[in-house]
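Report on the structure given below.
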Amino acid sequence: MRESTPAAAWPYAVAEEPVAAAPGLVTLGSEDAPACSGEGCPL
Amino acid sequence: MRVEVWSDIVCPWCYLGKRRLEKALAGFEHAGDVEVEWRSFQLDPSFPKGLGQPVYEALARKTGATAAQVRGMTEHVKALAAEEGLAYDFDRSVMANTFDAHRLTHLAKTHGIGAEMHERLMRANLVEGEVVDDAETLVRLGAEVGVPAGEARRVLAGDAYSREVMEDVNQARALGATGVPFFVLDRTYGISGAQPVEAFLGALRTAREHAATRAG
């Protein structure tokens with residue numbers, strides 16, 4: 001099942017702060033599964 | 001196998017992703033070898049504590065949509081959540097600053113009930129309309145899963161576990177997370193978002209094969 005990500009956004013925002021990068025992870029799963037970010041949550 | 005999950009208590013996709021991961025684990029042949037750790041993440045550290053703003057009101061204000069349009073916006077995630085047995089009630093949900101709730105979860109971890117606390121907090125916010133940045137609400141919710149009320153009050157009155165919450169947040173960013181829910185398996189594999197159950201099950205099996213290959 002693939003999830004769509006409509007443009008409507010949850011009203012959140014987060015300030016970005018620099019952090020040291022950790023070793024890269026191998027990415028699994030679908031790249032467009034819905035997730036919330038500092039820009040909001042796709043609804 | 002170690003599965004770390006970064007999520008925020010107010011995140012509807014996080015709760016849905018949690019259920020799907022749990023369903024995947026129920027179908028995973030080696031679930032007994034899996035340790036799941038719930039990690040803190042704040043979608044909005046700057047949200048004012050105690051504002052008590054209803055979610056629909058906040059959505060309407062941000063998007064300029066009408067009340068009917070705002071309700072329509074949430075139908076998709078509500079329907080998907082309902083398929084997983086989660087009855088989201090955005091009519092009652094109140095936006096909150098989740099920092100103290102995450103600190104409470106870290107306290108609960110010291111009692112071995114961090115997972116139960118995280119589940120209780122998400123349910124409280126997304127299903128029951130509880131105000132999860134109110135101290136006495138957090139004390140009560142903590143007591144329901146076994147966190148001593150006196151300890152919870154002391155933690156919430158001070159700044160205990162603030163460093164632990166921030167470390168979780170910084171770890172997520174260091175690992176390349178751009179959103180939550182974010183799942184990391186054995187610090188080797190990353191899977192982002194409310195994936196289908198089959199995707200989580202596939203990830204668990206991939207991580208298991210990788211660990212077996214390294215051990216062999």
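Letters A, B, ... go to the chains of the structure tokens in the order shown; residues in each chain start at 1; ligands are counted from 1 in the same order.
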### Filtered DSSP result for range 12-209 of chain B, state strand (DSSP E), as a VMD selection string
chain B and resid 35 to 40 182 to 185 189 to 192
Please produce a file of the residues just selected, as a compact mmCIF listing (two decimals), in the first residue's frame, where the atoms kept are N, CA and C atoms.
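Resulting contents of part07.txt:
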```
# COMPACT_ATOMS: atom_id res chain seq x y z
N GLU B 35 14.53 -6.05 20.52
CA GLU B 35 14.31 -5.08 21.59
C GLU B 35 13.92 -3.77 20.92
N VAL B 36 12.77 -3.22 21.30
CA VAL B 36 12.30 -1.95 20.74
C VAL B 36 12.50 -0.85 21.76
N GLU B 37 13.13 0.23 21.34
CA GLU B 37 13.33 1.38 22.23
C GLU B 37 12.69 2.61 21.60
N TRP B 38 11.82 3.28 22.35
CA TRP B 38 11.14 4.47 21.86
C TRP B 38 11.97 5.70 22.25
N ARG B 39 12.31 6.49 21.26
CA ARG B 39 13.17 7.64 21.46
C ARG B 39 12.39 8.94 21.27
N SER B 40 12.85 9.98 21.95
CA SER B 40 12.13 11.26 21.93
C SER B 40 12.42 12.05 20.66
N PHE B 182 10.59 7.52 12.69
CA PHE B 182 11.86 7.12 12.08
C PHE B 182 12.35 5.89 12.82
N PHE B 183 12.60 4.83 12.09
CA PHE B 183 12.95 3.54 12.67
C PHE B 183 14.37 3.19 12.27
N VAL B 184 15.18 2.80 13.24
CA VAL B 184 16.55 2.40 12.95
C VAL B 184 16.76 0.99 13.49
N LEU B 185 17.24 0.09 12.63
CA LEU B 185 17.42 -1.30 13.01
C LEU B 185 18.91 -1.58 13.12
N TYR B 189 20.14 -0.09 9.42
CA TYR B 189 19.08 0.18 8.46
C TYR B 189 18.16 1.27 9.00
N GLY B 190 17.69 2.10 8.08
CA GLY B 190 16.75 3.15 8.46
C GLY B 190 15.50 3.03 7.63
N ILE B 191 14.35 3.22 8.26
CA ILE B 191 13.08 3.17 7.54
C ILE B 191 12.20 4.28 8.10
N SER B 192 11.66 5.07 7.20
CA SER B 192 11.02 6.30 7.62
C SER B 192 9.53 6.30 7.30
```
### Task
Tell me which protein, DNA and RNA residues are within 8 Å of Leu86 in chain B, counting only C-alpha atoms, leaving out same-chain ones fewer than 5 positions away, and put them as a PyMOL selection string.
chain B and resi 16+81+127
Convert the current residue selection to file output with N, CA and C atoms, as a compact mmCIF listing (two decimals), in the first residue's frame.
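Output file part.txt follows:
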```txt
# COMPACT_ATOMS: atom_id res chain seq x y z
N LEU B 16 0.31 5.62 14.16
CA LEU B 16 -0.07 4.65 13.14
C LEU B 16 1.12 3.76 12.78
N ALA B 81 -5.84 5.22 10.40
CA ALA B 81 -5.63 4.86 11.80
C ALA B 81 -6.72 3.91 12.28
N VAL B 127 -6.32 10.26 20.90
CA VAL B 127 -7.62 9.59 21.00
C VAL B 127 -8.50 10.22 22.07
```
### Message
With only C-alpha atoms as the counted atoms, please give the residues lying no more than 6 Å from Arg103 in chain B, apart from itself and same-chain residues fewer than 3 positions off, as a ChimeraX atom specification.
### Response
/B:100,106,161
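Residue nearest Ala143 in chain B, chosen from B:Thr188, B:Ser7, B:Val169, B:Thr105 and counting only C-alpha atoms: B:Thr105.
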### Message
Please identify the alpha helix (DSSP H) residues within chain B (assignment by DSSP from backbone atoms) and present them as a PyMOL selection string.
### Response
chain B and resi 12-26+55-63+67-73+75-83+99-110+114-126+135-145+149-157+162-174+197-215
Next, the residues of the selection above should be written as an mmCIF file, in the first residue's frame with C-alpha atoms.
```cif
data_model
loop_
_atom_site.group_PDB
_atom_site.id
_atom_site.type_symbol
_atom_site.label_atom_id
_atom_site.label_comp_id
_atom_site.auth_asym_id
_atom_site.auth_seq_id
_atom_site.Cartn_x
_atom_site.Cartn_y
_atom_site.Cartn_z
ATOM 1 C CA PRO B 12 -0.592 11.000 14.043
ATOM 2 C CA TRP B 13 1.622 9.124 11.603
ATOM 3 C CA CYS B 14 3.881 8.066 14.482
ATOM 4 C CA TYR B 15 1.072 6.295 16.343
ATOM 5 C CA LEU B 16 -0.070 4.649 13.135
ATOM 6 C CA GLY B 17 3.503 3.595 12.350
ATOM 7 C CA LYS B 18 3.843 2.205 15.870
ATOM 8 C CA ARG B 19 0.818 -0.054 15.407
ATOM 9 C CA ARG B 20 2.044 -1.280 12.059
ATOM 10 C CA LEU B 21 5.484 -2.061 13.465
ATOM 11 C CA GLU B 22 3.807 -3.949 16.293
ATOM 12 C CA LYS B 23 1.749 -5.940 13.791
ATOM 13 C CA ALA B 24 4.920 -6.712 11.843
ATOM 14 C CA LEU B 25 6.615 -7.896 15.031
ATOM 15 C CA ALA B 26 3.628 -10.128 15.775
ATOM 16 C CA VAL B 55 -5.915 20.993 16.787
ATOM 17 C CA TYR B 56 -8.654 21.951 14.344
ATOM 18 C CA GLU B 57 -8.345 25.581 15.352
ATOM 19 C CA ALA B 58 -4.609 25.480 14.786
ATOM 20 C CA LEU B 59 -5.043 23.820 11.407
ATOM 21 C CA ALA B 60 -7.656 26.349 10.356
ATOM 22 C CA ARG B 61 -5.463 29.239 11.425
ATOM 23 C CA LYS B 62 -2.425 27.909 9.623
ATOM 24 C CA THR B 63 -4.121 26.960 6.380
ATOM 25 C CA ALA B 67 -13.977 24.295 9.796
ATOM 26 C CA ALA B 68 -15.502 21.839 7.314
ATOM 27 C CA GLN B 69 -12.367 21.855 5.175
ATOM 28 C CA VAL B 70 -10.154 21.234 8.195
ATOM 29 C CA ARG B 71 -12.234 18.221 9.161
ATOM 30 C CA GLY B 72 -11.932 16.956 5.616
ATOM 31 C CA MET B 73 -8.138 17.282 5.779
ATOM 32 C CA GLU B 75 -10.244 12.152 7.245
ATOM 33 C CA HIS B 76 -7.478 10.288 5.404
ATOM 34 C CA VAL B 77 -5.203 9.780 8.405
ATOM 35 C CA LYS B 78 -8.227 9.055 10.629
ATOM 36 C CA ALA B 79 -9.439 6.344 8.261
ATOM 37 C CA LEU B 80 -6.025 4.718 8.022
ATOM 38 C CA ALA B 81 -5.632 4.858 11.801
ATOM 39 C CA ALA B 82 -9.072 3.300 12.269
ATOM 40 C CA GLU B 83 -7.948 0.359 10.111
ATOM 41 C CA PHE B 99 9.108 18.164 26.042
ATOM 42 C CA ASP B 100 7.832 17.346 29.544
ATOM 43 C CA ALA B 101 5.929 14.327 28.252
ATOM 44 C CA HIS B 102 9.171 13.024 26.756
ATOM 45 C CA ARG B 103 10.964 13.650 30.065
ATOM 46 C CA LEU B 104 8.251 11.624 31.791
ATOM 47 C CA THR B 105 8.850 8.806 29.319
ATOM 48 C CA HIS B 106 12.556 8.828 30.190
ATOM 49 C CA LEU B 107 11.613 8.574 33.874
ATOM 50 C CA ALA B 108 9.303 5.687 33.010
ATOM 51 C CA LYS B 109 12.215 3.969 31.228
ATOM 52 C CA THR B 110 14.128 3.849 34.517
ATOM 53 C CA GLY B 114 9.076 3.405 28.878
ATOM 54 C CA ALA B 115 7.161 1.649 26.106
ATOM 55 C CA GLU B 116 3.957 1.621 28.152
ATOM 56 C CA MET B 117 4.367 5.320 28.945
ATOM 57 C CA HIS B 118 4.916 6.251 25.317
ATOM 58 C CA GLU B 119 1.810 4.284 24.255
ATOM 59 C CA ARG B 120 -0.278 5.854 27.024
ATOM 60 C CA LEU B 121 0.797 9.380 26.071
ATOM 61 C CA MET B 122 0.049 8.929 22.387
ATOM 62 C CA ARG B 123 -3.357 7.501 23.144
ATOM 63 C CA ALA B 124 -4.019 10.340 25.580
ATOM 64 C CA ASN B 125 -3.232 13.002 22.987
ATOM 65 C CA LEU B 126 -4.621 11.563 19.764
ATOM 66 C CA ALA B 135 1.854 18.575 34.773
ATOM 67 C CA GLU B 136 -0.956 16.992 36.758
ATOM 68 C CA THR B 137 -2.302 15.307 33.627
ATOM 69 C CA LEU B 138 1.152 13.845 33.022
ATOM 70 C CA VAL B 139 1.414 12.717 36.665
ATOM 71 C CA ARG B 140 -1.960 10.944 36.366
ATOM 72 C CA LEU B 141 -1.090 9.305 33.059
ATOM 73 C CA GLY B 142 2.243 8.219 34.477
ATOM 74 C CA ALA B 143 0.591 6.695 37.528
ATOM 75 C CA GLU B 144 -1.733 4.710 35.283
ATOM 76 C CA VAL B 145 1.217 2.812 33.818
ATOM 77 C CA ALA B 149 3.300 10.108 41.259
ATOM 78 C CA GLY B 150 5.783 11.705 43.640
ATOM 79 C CA GLU B 151 8.688 10.942 41.335
ATOM 80 C CA ALA B 152 6.772 12.244 38.331
ATOM 81 C CA ARG B 153 5.958 15.496 40.120
ATOM 82 C CA ARG B 154 9.587 16.009 41.137
ATOM 83 C CA VAL B 155 10.831 15.401 37.608
ATOM 84 C CA LEU B 156 8.230 17.652 36.024
ATOM 85 C CA ALA B 157 8.938 20.428 38.532
ATOM 86 C CA SER B 162 16.125 17.226 29.633
ATOM 87 C CA ARG B 163 19.563 16.192 28.459
ATOM 88 C CA GLU B 164 18.297 12.720 27.552
ATOM 89 C CA VAL B 165 15.475 14.150 25.453
ATOM 90 C CA MET B 166 17.842 16.480 23.611
ATOM 91 C CA GLU B 167 20.308 13.638 23.045
ATOM 92 C CA ASP B 168 17.544 11.597 21.413
ATOM 93 C CA VAL B 169 16.636 14.524 19.173
ATOM 94 C CA ASN B 170 20.254 15.124 18.206
ATOM 95 C CA GLN B 171 20.776 11.428 17.525
ATOM 96 C CA ALA B 172 17.857 11.441 15.101
ATOM 97 C CA ARG B 173 19.326 14.346 13.201
ATOM 98 C CA ALA B 174 22.796 12.768 13.207
ATOM 99 C CA VAL B 197 3.078 -3.684 7.801
ATOM 100 C CA GLU B 198 4.739 -5.700 5.011
ATOM 101 C CA ALA B 199 7.515 -3.120 4.703
ATOM 102 C CA PHE B 200 8.300 -3.311 8.418
ATOM 103 C CA LEU B 201 8.273 -7.106 8.289
ATOM 104 C CA GLY B 202 10.629 -7.061 5.324
ATOM 105 C CA ALA B 203 12.951 -4.681 7.139
ATOM 106 C CA LEU B 204 13.021 -6.918 10.216
ATOM 107 C CA ARG B 205 13.905 -9.936 8.067
ATOM 108 C CA THR B 206 16.586 -7.987 6.174
ATOM 109 C CA ALA B 207 18.175 -6.831 9.411
ATOM 110 C CA ARG B 208 18.011 -10.356 10.781
ATOM 111 C CA GLU B 209 19.742 -11.796 7.686
ATOM 112 C CA HIS B 210 22.412 -9.119 7.876
ATOM 113 C CA ALA B 211 23.091 -9.891 11.534
ATOM 114 C CA ALA B 212 23.225 -13.627 10.796
ATOM 115 C CA THR B 213 25.659 -13.058 7.918
ATOM 116 C CA ARG B 214 27.948 -10.979 10.113
ATOM 117 C CA ALA B 215 27.802 -13.580 12.892
#
```
